[in-house]
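Asker: Dropping in structure06.txt, with compact mmCIF, C-alpha atoms.
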```txt
# COMPACT_ATOMS: atom_id res chain seq x y z
CA MET A 1 -64.49 14.24 39.78
CA GLU A 2 -61.47 12.25 38.58
CA THR A 3 -59.29 9.90 40.59
CA LYS A 4 -56.18 11.31 42.27
CA PRO A 5 -53.48 10.29 44.76
CA TYR A 6 -54.19 10.59 48.50
CA PRO A 7 -52.79 13.70 50.24
CA GLN A 8 -50.59 11.79 52.69
CA TYR A 9 -49.07 8.30 52.71
CA LYS A 10 -47.28 6.16 55.29
CA GLU A 11 -45.40 2.87 55.24
CA SER A 12 -47.77 -0.09 55.46
CA GLY A 13 -45.24 -2.55 56.81
CA ILE A 14 -46.26 -4.90 54.02
CA GLN A 15 -43.54 -5.33 51.42
CA TRP A 16 -45.76 -6.01 48.40
CA ILE A 17 -47.91 -2.94 49.09
CA GLY A 18 -45.38 -0.35 50.19
CA LYS A 19 -47.04 2.91 51.22
CA ILE A 20 -50.74 3.27 52.00
CA PRO A 21 -52.96 6.31 52.72
CA GLU A 22 -52.30 7.79 56.15
CA GLU A 23 -55.82 6.98 57.43
CA TRP A 24 -55.60 3.29 56.45
CA SER A 25 -54.25 0.49 58.64
CA SER A 26 -52.76 -2.95 58.04
CA HIS A 27 -53.74 -6.15 59.85
CA LYS A 28 -53.70 -9.90 59.77
CA ILE A 29 -56.88 -11.52 58.47
CA LYS A 30 -57.45 -13.21 61.83
CA ASP A 31 -57.76 -9.78 63.49
CA TYR A 32 -61.01 -8.94 61.72
CA LEU A 33 -62.29 -11.85 59.64
CA GLU A 34 -63.74 -15.26 60.41
CA PHE A 35 -63.88 -17.96 57.78
CA ASP A 36 -64.71 -21.62 57.36
CA ILE A 37 -63.07 -24.16 55.07
CA GLY A 38 -65.24 -26.91 53.65
CA GLY A 39 -64.66 -30.58 53.11
CA THR A 40 -65.41 -33.53 50.86
CA PRO A 41 -67.53 -36.50 51.95
CA PRO A 42 -65.85 -39.90 51.43
CA THR A 43 -65.94 -40.48 47.68
CA SER A 44 -66.19 -44.23 48.24
CA HIS A 45 -69.83 -43.68 49.19
CA GLU A 46 -71.61 -42.86 45.94
CA GLU A 47 -74.87 -42.35 47.80
CA TYR A 48 -73.35 -39.31 49.55
CA PHE A 49 -73.43 -37.47 46.21
CA GLU A 50 -77.07 -38.18 45.42
CA GLY A 51 -78.66 -35.52 47.64
CA ASP A 52 -80.11 -32.04 47.22
CA ASN A 53 -77.63 -29.91 49.20
CA VAL A 54 -75.58 -27.42 47.17
CA TRP A 55 -71.87 -28.31 47.46
CA ILE A 56 -69.54 -25.83 45.75
CA SER A 57 -66.21 -26.80 44.19
CA ILE A 58 -63.61 -24.73 42.33
CA GLU A 59 -65.14 -25.97 39.08
CA ASP A 60 -68.41 -24.32 40.07
CA LEU A 61 -66.64 -21.02 40.74
CA THR A 62 -64.73 -21.08 37.44
CA THR A 63 -67.63 -22.14 35.20
CA ASN A 64 -70.50 -20.33 36.91
CA LYS A 65 -69.49 -16.68 36.56
CA THR A 66 -72.31 -15.23 38.64
CA ILE A 67 -72.06 -12.80 41.55
CA ASP A 68 -74.30 -14.93 43.77
CA ILE A 69 -73.85 -18.67 43.29
CA LYS A 70 -76.89 -20.80 44.09
CA ASN A 71 -76.23 -24.11 42.38
CA SER A 72 -73.49 -26.71 42.03
CA LYS A 73 -72.57 -29.45 39.59
CA LYS A 74 -72.56 -32.03 42.38
CA LYS A 75 -74.88 -32.11 45.37
CA ILE A 76 -74.54 -34.02 48.61
CA SER A 77 -77.01 -35.85 50.83
CA ASP A 78 -78.03 -35.11 54.42
CA GLU A 79 -76.24 -38.30 55.43
CA ALA A 80 -73.01 -37.05 53.82
CA ILE A 81 -73.22 -33.90 55.91
CA LYS A 82 -73.62 -35.90 59.11
CA LYS A 83 -70.72 -38.24 58.33
CA SER A 84 -68.17 -35.67 57.05
CA ASN A 85 -66.55 -32.39 58.04
CA VAL A 86 -68.50 -30.12 55.72
CA LYS A 87 -69.85 -26.97 57.36
CA LEU A 88 -72.94 -24.96 56.55
CA ILE A 89 -72.04 -21.69 54.83
CA LYS A 90 -74.59 -18.93 55.32
CA LYS A 91 -76.09 -16.97 52.46
CA GLY A 92 -74.08 -13.79 51.78
CA SER A 93 -70.70 -15.29 52.72
CA LEU A 94 -67.79 -14.62 50.36
CA LEU A 95 -66.42 -17.77 48.76
CA PHE A 96 -62.74 -17.76 47.80
CA SER A 97 -60.75 -20.50 46.07
CA PHE A 98 -57.30 -20.91 47.59
CA LYS A 99 -55.94 -24.16 46.12
CA LEU A 100 -54.61 -24.72 42.60
CA THR A 101 -56.96 -22.19 41.01
CA VAL A 102 -56.40 -19.25 43.32
CA GLY A 103 -58.51 -16.10 43.40
CA GLU A 104 -61.93 -17.15 42.13
CA THR A 105 -64.67 -15.50 44.18
CA ALA A 106 -68.46 -15.52 44.47
CA PHE A 107 -71.05 -14.80 47.11
CA ALA A 108 -73.17 -17.62 48.52
CA GLY A 109 -76.59 -16.99 47.00
CA CYS A 110 -78.15 -19.43 49.47
CA ASP A 111 -77.13 -21.53 52.44
CA LEU A 112 -74.68 -24.10 51.04
CA TYR A 113 -71.59 -26.25 51.57
CA THR A 114 -68.13 -26.18 49.93
CA ASN A 115 -65.19 -28.50 49.44
CA GLU A 116 -61.81 -28.10 51.13
CA ALA A 117 -60.38 -25.83 48.41
CA ILE A 118 -62.71 -22.94 49.26
CA ALA A 119 -62.66 -20.55 52.19
CA ALA A 120 -65.97 -18.90 53.12
CA PHE A 121 -65.62 -15.49 54.80
CA LYS A 122 -68.42 -14.49 57.16
CA GLN A 123 -70.08 -11.09 57.10
CA ASN A 124 -69.00 -8.61 59.79
CA LYS A 125 -69.11 -4.90 60.62
CA ASN A 126 -65.43 -4.11 60.07
CA ILE A 127 -64.57 -5.46 56.64
CA SER A 128 -66.90 -5.09 53.67
CA LEU A 129 -67.00 -8.38 51.78
CA ASN A 130 -67.58 -6.41 48.59
CA TYR A 131 -64.22 -4.73 49.18
CA LEU A 132 -62.59 -7.95 50.34
CA LYS A 133 -63.41 -9.78 47.09
CA TYR A 134 -61.09 -7.36 45.27
CA LEU A 135 -58.43 -7.23 47.97
CA LEU A 136 -58.16 -11.02 47.98
CA LYS A 137 -57.47 -11.11 44.26
CA VAL A 138 -54.30 -9.04 44.64
CA GLY A 139 -53.33 -9.77 48.22
CA PHE A 140 -53.20 -13.52 48.31
CA GLU A 141 -50.79 -13.86 45.42
CA ASN A 142 -48.29 -12.08 47.65
CA ASN A 143 -49.13 -13.91 50.89
CA ALA A 144 -48.86 -17.47 49.56
CA PHE A 145 -45.96 -19.86 49.60
CA GLU A 146 -44.82 -21.64 46.46
CA ASN A 147 -44.50 -25.40 46.36
CA ILE A 148 -41.74 -27.25 44.54
CA TYR A 149 -43.66 -26.90 41.26
CA GLY A 150 -43.95 -23.13 41.59
CA ALA A 151 -47.67 -23.17 42.35
CA LYS A 152 -49.14 -20.82 44.94
CA ILE A 153 -50.50 -22.70 47.95
CA PHE A 154 -52.47 -21.86 51.10
CA ASN A 155 -53.88 -23.48 54.18
CA SER A 156 -56.00 -22.18 57.04
CA GLU A 157 -52.98 -20.87 58.96
CA LEU A 158 -51.57 -19.02 55.97
CA ILE A 159 -54.96 -17.41 55.41
CA LYS A 160 -55.27 -16.37 59.06
CA PHE A 161 -51.89 -14.65 59.05
CA ALA A 162 -52.14 -13.15 55.57
CA LYS A 163 -51.82 -9.37 55.60
CA ILE A 164 -54.65 -7.07 54.52
CA ILE A 165 -55.12 -3.31 54.53
CA LYS A 166 -58.17 -1.61 55.99
CA PRO A 167 -59.67 1.74 55.02
CA SER A 168 -62.79 2.93 56.85
CA PHE A 169 -65.87 0.80 56.21
CA ILE A 170 -67.50 3.63 54.23
CA GLU A 171 -64.44 3.94 52.00
CA GLN A 172 -64.30 0.18 51.54
CA GLU A 173 -67.84 0.34 50.15
CA GLN A 174 -66.89 3.29 47.93
CA ILE A 175 -63.92 1.32 46.55
CA ALA A 176 -66.09 -1.73 45.91
CA LYS A 177 -68.76 0.35 44.15
CA TYR A 178 -66.16 2.05 41.96
CA LEU A 179 -64.50 -1.22 41.00
CA ASP A 180 -67.83 -2.95 40.41
CA ASN A 181 -68.71 -0.22 37.93
CA LYS A 182 -65.35 -0.13 36.16
CA THR A 183 -64.67 -3.85 36.02
CA THR A 184 -68.21 -4.58 34.79
CA LYS A 185 -67.65 -2.23 31.85
CA ILE A 186 -64.26 -3.78 31.10
CA GLN A 187 -65.71 -7.29 31.33
CA LYS A 188 -68.54 -6.39 28.94
CA THR A 189 -65.96 -5.27 26.38
CA ILE A 190 -63.96 -8.46 26.93
CA THR A 191 -67.12 -10.55 26.49
CA LYS A 192 -67.99 -8.76 23.23
CA ASN A 193 -64.46 -9.38 21.95
CA LYS A 194 -64.71 -13.07 22.85
CA GLN A 195 -68.04 -13.30 21.06
CA LEU A 196 -66.46 -11.71 17.99
CA ILE A 197 -63.64 -14.28 18.10
CA THR A 198 -66.25 -17.06 18.25
CA LEU A 199 -68.00 -15.63 15.18
CA LEU A 200 -64.71 -15.35 13.29
CA LYS A 201 -63.80 -18.94 14.14
CA GLU A 202 -67.23 -20.07 12.95
CA LYS A 203 -66.69 -18.13 9.73
CA ARG A 204 -63.32 -19.83 9.26
CA THR A 205 -64.85 -23.26 9.93
CA THR A 206 -67.65 -22.65 7.44
CA LEU A 207 -65.17 -21.43 4.83
CA ILE A 208 -63.00 -24.53 5.22
CA ASN A 209 -65.97 -26.93 5.24
CA GLN A 210 -67.42 -25.41 2.08
CA THR A 211 -64.18 -25.07 0.11
CA ILE A 212 -62.60 -28.35 1.10
CA THR A 213 -65.62 -30.44 0.05
CA LYS A 214 -66.87 -28.57 -3.03
CA GLY A 215 -63.88 -26.70 -4.41
CA LEU A 216 -63.78 -23.15 -5.75
CA ASN A 217 -66.03 -23.51 -8.79
CA PRO A 218 -69.71 -23.08 -7.80
CA ASP A 219 -70.82 -24.47 -11.18
CA VAL A 220 -68.73 -27.64 -11.07
CA GLN A 221 -70.45 -30.88 -12.01
CA MET A 222 -70.98 -33.12 -8.97
CA LYS A 223 -71.19 -36.89 -8.43
CA GLU A 224 -72.27 -39.19 -5.63
CA SER A 225 -69.41 -39.77 -3.18
CA GLY A 226 -70.49 -43.18 -1.93
CA ILE A 227 -69.41 -42.33 1.64
CA GLU A 228 -71.58 -41.36 4.61
CA TRP A 229 -70.05 -38.09 5.71
CA ILE A 230 -70.46 -36.29 2.40
CA GLU A 231 -73.17 -36.84 -0.24
CA LYS A 232 -71.66 -35.35 -3.40
CA ILE A 233 -68.21 -34.25 -4.54
CA PRO A 234 -66.85 -32.64 -7.73
CA LYS A 235 -66.83 -35.11 -10.63
CA THR A 236 -63.03 -35.00 -11.11
CA TRP A 237 -62.28 -35.73 -7.44
CA LYS A 238 -61.33 -39.16 -6.14
CA ILE A 239 -61.76 -40.88 -2.79
CA ASN A 240 -59.21 -42.98 -0.94
CA LYS A 241 -58.51 -44.32 2.53
CA ILE A 242 -55.75 -42.76 4.58
CA LYS A 243 -54.02 -46.12 5.01
CA ASN A 244 -53.37 -46.19 1.24
CA ILE A 245 -51.62 -42.80 1.29
CA PHE A 246 -49.65 -42.84 4.52
CA GLU A 247 -47.46 -45.16 6.53
CA PHE A 248 -48.46 -45.25 10.20
CA THR A 249 -46.11 -45.24 13.18
CA LYS A 250 -45.97 -43.99 16.76
CA GLY A 251 -44.14 -41.13 18.44
CA LEU A 252 -41.28 -41.47 20.89
CA ASN A 253 -41.86 -43.54 24.00
CA ILE A 254 -41.37 -40.65 26.39
CA THR A 255 -43.33 -38.78 29.06
CA LYS A 256 -43.37 -35.19 30.31
CA LYS A 257 -40.50 -36.09 32.64
CA ASP A 258 -38.28 -36.74 29.61
CA LEU A 259 -38.66 -33.20 28.25
CA THR A 260 -35.57 -30.99 28.48
CA GLU A 261 -34.65 -27.39 27.71
CA LYS A 262 -32.48 -28.45 24.77
CA GLY A 263 -32.07 -31.53 22.62
CA ILE A 264 -34.19 -33.25 19.98
CA PRO A 265 -37.25 -31.18 18.91
CA VAL A 266 -40.49 -33.02 19.55
CA ILE A 267 -44.26 -32.51 19.28
CA SER A 268 -46.51 -34.33 21.75
CA TYR A 269 -50.29 -34.47 22.10
CA GLY A 270 -50.41 -31.49 24.46
CA GLN A 271 -49.04 -29.19 21.76
CA ILE A 272 -51.36 -30.69 19.14
CA HIS A 273 -54.31 -29.71 21.34
CA ALA A 274 -52.92 -26.20 21.96
CA LYS A 275 -55.45 -23.52 21.02
CA PHE A 276 -52.94 -21.70 18.80
CA ASN A 277 -52.29 -24.79 16.67
CA ASP A 278 -54.21 -24.26 13.42
CA GLY A 279 -53.33 -27.74 12.16
CA VAL A 280 -51.98 -26.43 8.88
CA HIS A 281 -48.79 -24.54 9.71
CA ILE A 282 -46.15 -25.79 12.15
CA LYS A 283 -45.17 -23.11 14.68
CA ASP A 284 -41.98 -22.85 16.72
CA SER A 285 -44.04 -22.18 19.87
CA LEU A 286 -45.41 -25.73 19.65
CA ILE A 287 -42.01 -27.43 19.79
CA ARG A 288 -40.59 -29.03 22.94
CA TYR A 289 -37.30 -30.93 23.43
CA THR A 290 -36.11 -34.26 24.72
CA ASN A 291 -32.79 -36.03 25.25
CA LYS A 292 -31.04 -37.40 22.17
CA THR A 293 -30.99 -40.96 23.54
CA ASN A 294 -34.78 -41.07 23.34
CA ALA A 295 -34.85 -40.52 19.59
CA LYS A 296 -35.72 -43.33 17.21
CA THR A 297 -35.82 -43.21 13.41
CA ASN A 298 -39.43 -44.23 12.83
CA ALA A 299 -40.67 -41.36 15.04
CA LYS A 300 -38.91 -38.77 12.88
CA VAL A 301 -41.20 -36.72 10.63
CA SER A 302 -40.58 -34.92 7.34
CA LYS A 303 -42.28 -32.23 5.29
CA GLY A 304 -45.65 -33.52 4.11
CA ASP A 305 -46.22 -35.75 7.17
CA PHE A 306 -48.87 -35.40 9.90
CA ILE A 307 -48.83 -35.92 13.65
CA PHE A 308 -52.19 -36.81 15.22
CA ALA A 309 -53.01 -36.85 18.92
CA ASP A 310 -54.16 -40.32 19.93
CA THR A 311 -56.21 -39.05 22.89
CA SER A 312 -58.52 -36.13 23.57
CA GLU A 313 -60.30 -34.88 26.68
CA ASP A 314 -63.34 -33.83 24.66
CA ILE A 315 -65.10 -34.95 21.49
CA GLU A 316 -64.25 -31.68 19.72
CA GLY A 317 -60.53 -32.44 19.99
CA CYS A 318 -60.83 -35.85 18.35
CA GLY A 319 -58.91 -35.60 15.08
CA ASN A 320 -56.61 -32.76 16.10
CA SER A 321 -53.34 -32.89 14.19
CA ILE A 322 -50.30 -30.93 13.07
CA TYR A 323 -49.16 -30.75 9.46
CA ILE A 324 -45.42 -30.57 8.86
CA ASN A 325 -45.42 -27.88 6.18
CA LYS A 326 -41.66 -27.22 6.07
CA ASP A 327 -38.32 -29.01 6.19
CA MET A 328 -37.08 -29.30 9.75
CA LEU A 329 -35.71 -31.76 12.29
CA LEU A 330 -38.69 -32.97 14.31
CA TYR A 331 -39.99 -36.07 16.09
CA GLY A 332 -43.42 -37.17 17.19
CA GLY A 333 -43.72 -37.47 20.97
CA TYR A 334 -45.94 -39.21 23.49
CA HIS A 335 -49.58 -39.99 22.67
CA ASP A 336 -48.90 -39.36 18.98
CA VAL A 337 -49.81 -41.19 15.79
CA ILE A 338 -47.51 -40.29 12.92
CA LEU A 339 -48.70 -40.38 9.29
CA LYS A 340 -45.73 -40.53 6.90
CA SER A 341 -46.53 -39.52 3.35
CA HIS A 342 -45.72 -42.16 0.70
CA THR A 343 -45.13 -39.53 -1.99
CA LYS A 344 -43.60 -36.74 0.14
CA SER A 345 -45.83 -34.34 -1.81
CA ASP A 346 -47.53 -31.14 -0.66
CA ASN A 347 -50.42 -32.22 1.56
CA THR A 348 -51.73 -28.78 2.52
CA PHE A 349 -55.12 -29.64 1.03
CA LEU A 350 -55.37 -32.64 3.35
CA ALA A 351 -54.28 -30.48 6.28
CA TYR A 352 -57.32 -28.26 5.66
CA LEU A 353 -59.52 -31.29 5.09
CA PHE A 354 -58.51 -32.65 8.50
CA GLN A 355 -59.70 -29.39 10.08
CA SER A 356 -63.19 -29.67 8.61
CA GLU A 357 -66.09 -30.72 10.81
CA LYS A 358 -67.49 -33.04 8.13
CA TRP A 359 -64.27 -35.03 7.82
CA ARG A 360 -63.96 -35.39 11.61
CA GLN A 361 -67.38 -37.01 11.81
CA GLN A 362 -65.68 -40.24 10.78
CA ILE A 363 -63.44 -40.16 13.85
CA ARG A 364 -66.04 -38.92 16.33
CA ALA A 365 -68.41 -41.72 15.38
CA LYS A 366 -65.85 -44.38 16.29
CA VAL A 367 -63.84 -43.06 19.25
CA SER A 368 -64.27 -44.65 22.65
CA GLY A 369 -63.90 -43.30 26.14
CA VAL A 370 -65.66 -41.33 28.86
CA LYS A 371 -63.30 -38.76 30.39
CA VAL A 372 -60.63 -39.33 27.73
CA TYR A 373 -61.32 -40.35 24.15
CA SER A 374 -58.94 -42.75 22.41
CA ILE A 375 -58.15 -42.23 18.72
CA ASN A 376 -56.22 -45.32 17.68
CA GLN A 377 -54.49 -46.10 14.40
CA SER A 378 -57.28 -48.43 13.30
CA ILE A 379 -59.80 -45.60 13.38
CA LEU A 380 -57.55 -43.26 11.40
CA LYS A 381 -56.56 -45.87 8.81
CA GLU A 382 -60.18 -46.47 7.80
CA CYS A 383 -61.01 -42.78 7.34
CA PHE A 384 -61.75 -41.66 3.80
CA VAL A 385 -60.15 -38.57 2.26
CA LEU A 386 -61.01 -36.52 -0.80
CA ILE A 387 -58.38 -36.24 -3.55
CA PRO A 388 -58.84 -33.43 -6.08
CA PRO A 389 -56.42 -33.13 -9.05
CA ILE A 390 -53.01 -31.78 -7.93
CA GLU A 391 -53.50 -28.40 -9.62
CA GLU A 392 -56.87 -27.93 -7.94
CA GLN A 393 -55.45 -28.94 -4.55
CA LYS A 394 -52.93 -26.12 -4.82
CA GLU A 395 -55.59 -23.61 -5.89
CA ILE A 396 -57.76 -24.53 -2.93
CA SER A 397 -54.82 -24.49 -0.48
CA ASP A 398 -53.61 -21.08 -1.71
CA TYR A 399 -57.15 -19.69 -1.48
CA LEU A 400 -57.65 -20.98 2.08
CA ASP A 401 -54.17 -19.81 3.12
CA GLU A 402 -55.04 -16.26 2.05
CA LYS A 403 -58.56 -16.16 3.53
CA CYS A 404 -57.73 -17.96 6.77
CA ASP A 405 -54.60 -15.88 7.30
CA LYS A 406 -56.70 -12.70 7.29
CA ILE A 407 -59.16 -14.20 9.75
CA ASN A 408 -56.35 -15.52 11.97
CA LYS A 409 -54.61 -12.14 12.08
CA THR A 410 -57.88 -10.45 13.05
CA ILE A 411 -58.40 -13.03 15.82
CA GLU A 412 -54.83 -12.47 17.08
CA LYS A 413 -55.42 -8.70 17.28
CA ILE A 414 -58.64 -9.19 19.23
CA GLU A 415 -56.96 -11.70 21.56
CA ARG A 416 -54.20 -9.18 22.21
CA ASN A 417 -56.84 -6.54 23.01
CA ILE A 418 -58.40 -8.94 25.49
CA GLU A 419 -55.00 -9.50 27.12
CA LEU A 420 -54.51 -5.74 27.44
CA LEU A 421 -57.97 -5.29 28.93
CA GLU A 422 -57.32 -8.08 31.45
CA GLU A 423 -54.00 -6.48 32.38
CA TYR A 424 -55.66 -3.08 32.75
CA LYS A 425 -58.40 -4.55 34.95
CA GLU A 426 -55.84 -6.23 37.22
CA SER A 427 -53.77 -3.05 37.42
CA LEU A 428 -56.83 -0.94 38.21
CA ILE A 429 -57.93 -3.27 41.02
CA HIS A 430 -54.41 -3.32 42.48
CA HIS A 431 -54.00 0.46 42.44
CA VAL A 432 -57.42 1.14 43.95
CA VAL A 433 -57.44 -1.45 46.77
CA THR A 434 -53.88 -0.57 47.81
CA GLY A 435 -54.66 3.15 47.95
CA LYS A 436 -52.46 4.28 45.09
CA ILE A 437 -55.41 6.27 43.71
CA ASP A 438 -58.27 7.93 45.60
CA VAL A 439 -61.77 7.10 44.31
CA ARG A 440 -63.70 8.92 47.06
CA GLY A 441 -66.32 11.19 45.57
CA VAL A 442 -65.72 9.96 42.03
CA GLU A 443 -68.92 10.15 39.99
CA LEU A 444 -69.83 6.92 38.18
```
Could the structure of this file be written out as structure tokens, please?
Answerer:
Amino acid sequence: METKPYPQYKESGIQWIGKIPEEWSSHKIKDYLEFDIGGTPPTSHEEYFEGDNVWISIEDLTTNKTIDIKNSKKKISDEAIKKSNVKLIKKGSLLFSFKLTVGETAFAGCDLYTNEAIAAFKQNKNISLNYLKYLLKVGFENNAFENIYGAKIFNSELIKFAKIIKPSFIEQEQIAKYLDNKTTKIQKTITKNKQLITLLKEKRTTLINQTITKGLNPDVQMKESGIEWIEKIPKTWKINKIKNIFEFTKGLNITKKDLTEKGIPVISYGQIHAKFNDGVHIKDSLIRYTNKTNAKTNAKVSKGDFIFADTSEDIEGCGNSIYINKDMLLYGGYHDVILKSHTKSDNTFLAYLFQSEKWRQQIRAKVSGVKVYSINQSILKECFVLIPPIEEQKEISDYLDEKCDKINKTIEKIERNIELLEEYKESLIHHVVTGKIDVRGVEL
């Protein structure tokens, strides 16, 4: 039996829903649901976070994608519970994040505690929590207020007076079962696509590592490199330090507040760390703008130059850069180190070299930091680079351009498929929980 519309509809009285099936009703959350909001023990007491009690944060909900959550990154002590406003959440309660990251859900797999960004809905006989987990995902986006930054925000009062729609309890369970089945299948496909992207990225990384350190001729005569991060290199290749090839300078002394809709084009560290930056080809989507008065000559870049990020939130991002592969007006921005080419020659080979894991070992071995890693000019200046003959550099660059472009296009197609699947999943949930399609009696 396929899905179909309901025979009769009526106005719900809720603007974002419109009409609902005639048998359904609309209510405020406070009419049928009880919930608790957690809290955070005083962070000044380190000993409060050395206990054994599970204490769930939004990070736990976003990283631990399980139906029933039983563990947390941080745990709190019995003393912390006595001295703070955290409340015991019973096993089976529905956890829902309502601050900053809105809409993450999980069921409490054991008795636990949460921070103040999570509401825990208690089990009851009128509203199925299995149904509610889907309704919350679409309903709360329309019940929230926006702050001055455009972010959706909630508090306990907003949650209490948020509108929900209520089919019969039996139908709620039918809806939840249908959506569990359908969304699980969709998510499995999404997961497989993400795994394929990971494999393709690994293939690209291996290709770059192999080609950029050994060249295209498998029978080439090799020699000892004399540097730690690579044992042997082709006999005709040379080695040099970056400081002998580039002039170093800093980006503009600006912050995010100085960015404007129009003005001087600029690249800052945030764009360098963007996932769609391949490090080899400058893209228009990476460019931001700032006021003309902030521009200074030594922060201006030209074709053949590089912009490195001088900080990274993880070790993998240490060494991320952008190669300026075309003539354009562009400046380095905040948290940038600019490498200006002495010769203004084609440095595409170096752009690929900078993407290789072997080359980045030099940076990762020297960076400092805990939550944020600092990549200063001194570290970059002492890094060694490989210098093949000019003709061979071009051959290698052309080869990698062709091979990587095919891989990148395949990745883009898969990413687009994932976006479409996510959109379909959201649309399906919205249509089912708002009664736009009838799933009663549908065989799964």
Asker: Would you pick out the contacts of A:Ile227 at 12 Å or less, using only C-alpha atoms, so that residues sharing its chain but fewer than 6 positions from it are not included, and give the list as an MDAnalysis selection string?
Answerer: chainID A and resid 233 238:241 358:359 361:362 382:386
Asker: For A:Lys344, work out the shell of residues within 10 Å, counting all atoms listed in the file and skipping chain neighbours fewer than 2 positions away, then give it as a ChimeraX atom specification.
Answerer: /A:246,302-305,340-342,346-347
Asker: Using only C-alpha atoms, find the one residue out of A:Pro21, A:Arg360, A:Glu419, A:Ile254 that sits nearest to A:Glu228.
Answerer: A:Arg360
Asker: Quick one: residues within 10 Å of (-69.8, 10.1, 41.6) (file frame), counting all atoms listed in the file, please, as an MDAnalysis selection string.
Answerer: chainID A and resid 1:2 174 178 439:444
Asker: Can you measure atom CA of A:Phe49 to atom CA of A:Lys75 for me? One decimal in Å is fine.
Answerer: 5.6 Å
Asker: A:Asn124, A:Ser12, A:Gln187, A:Ser84: which is nearest A:Glu426, counting only C-alpha atoms?
Answerer: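 Distance minimum relative to A:Glu426 lands on A:Gln187.
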Asker: Which residues come within 10 Å of stretch 110-119 of chain A, counting only C-alpha atoms, excluding same-chain residues fewer than 5 positions away, as a ChimeraX atom specification?
Answerer: /A:34-41,53-58,61,68-72,75-76,81,85-105,154-156,159
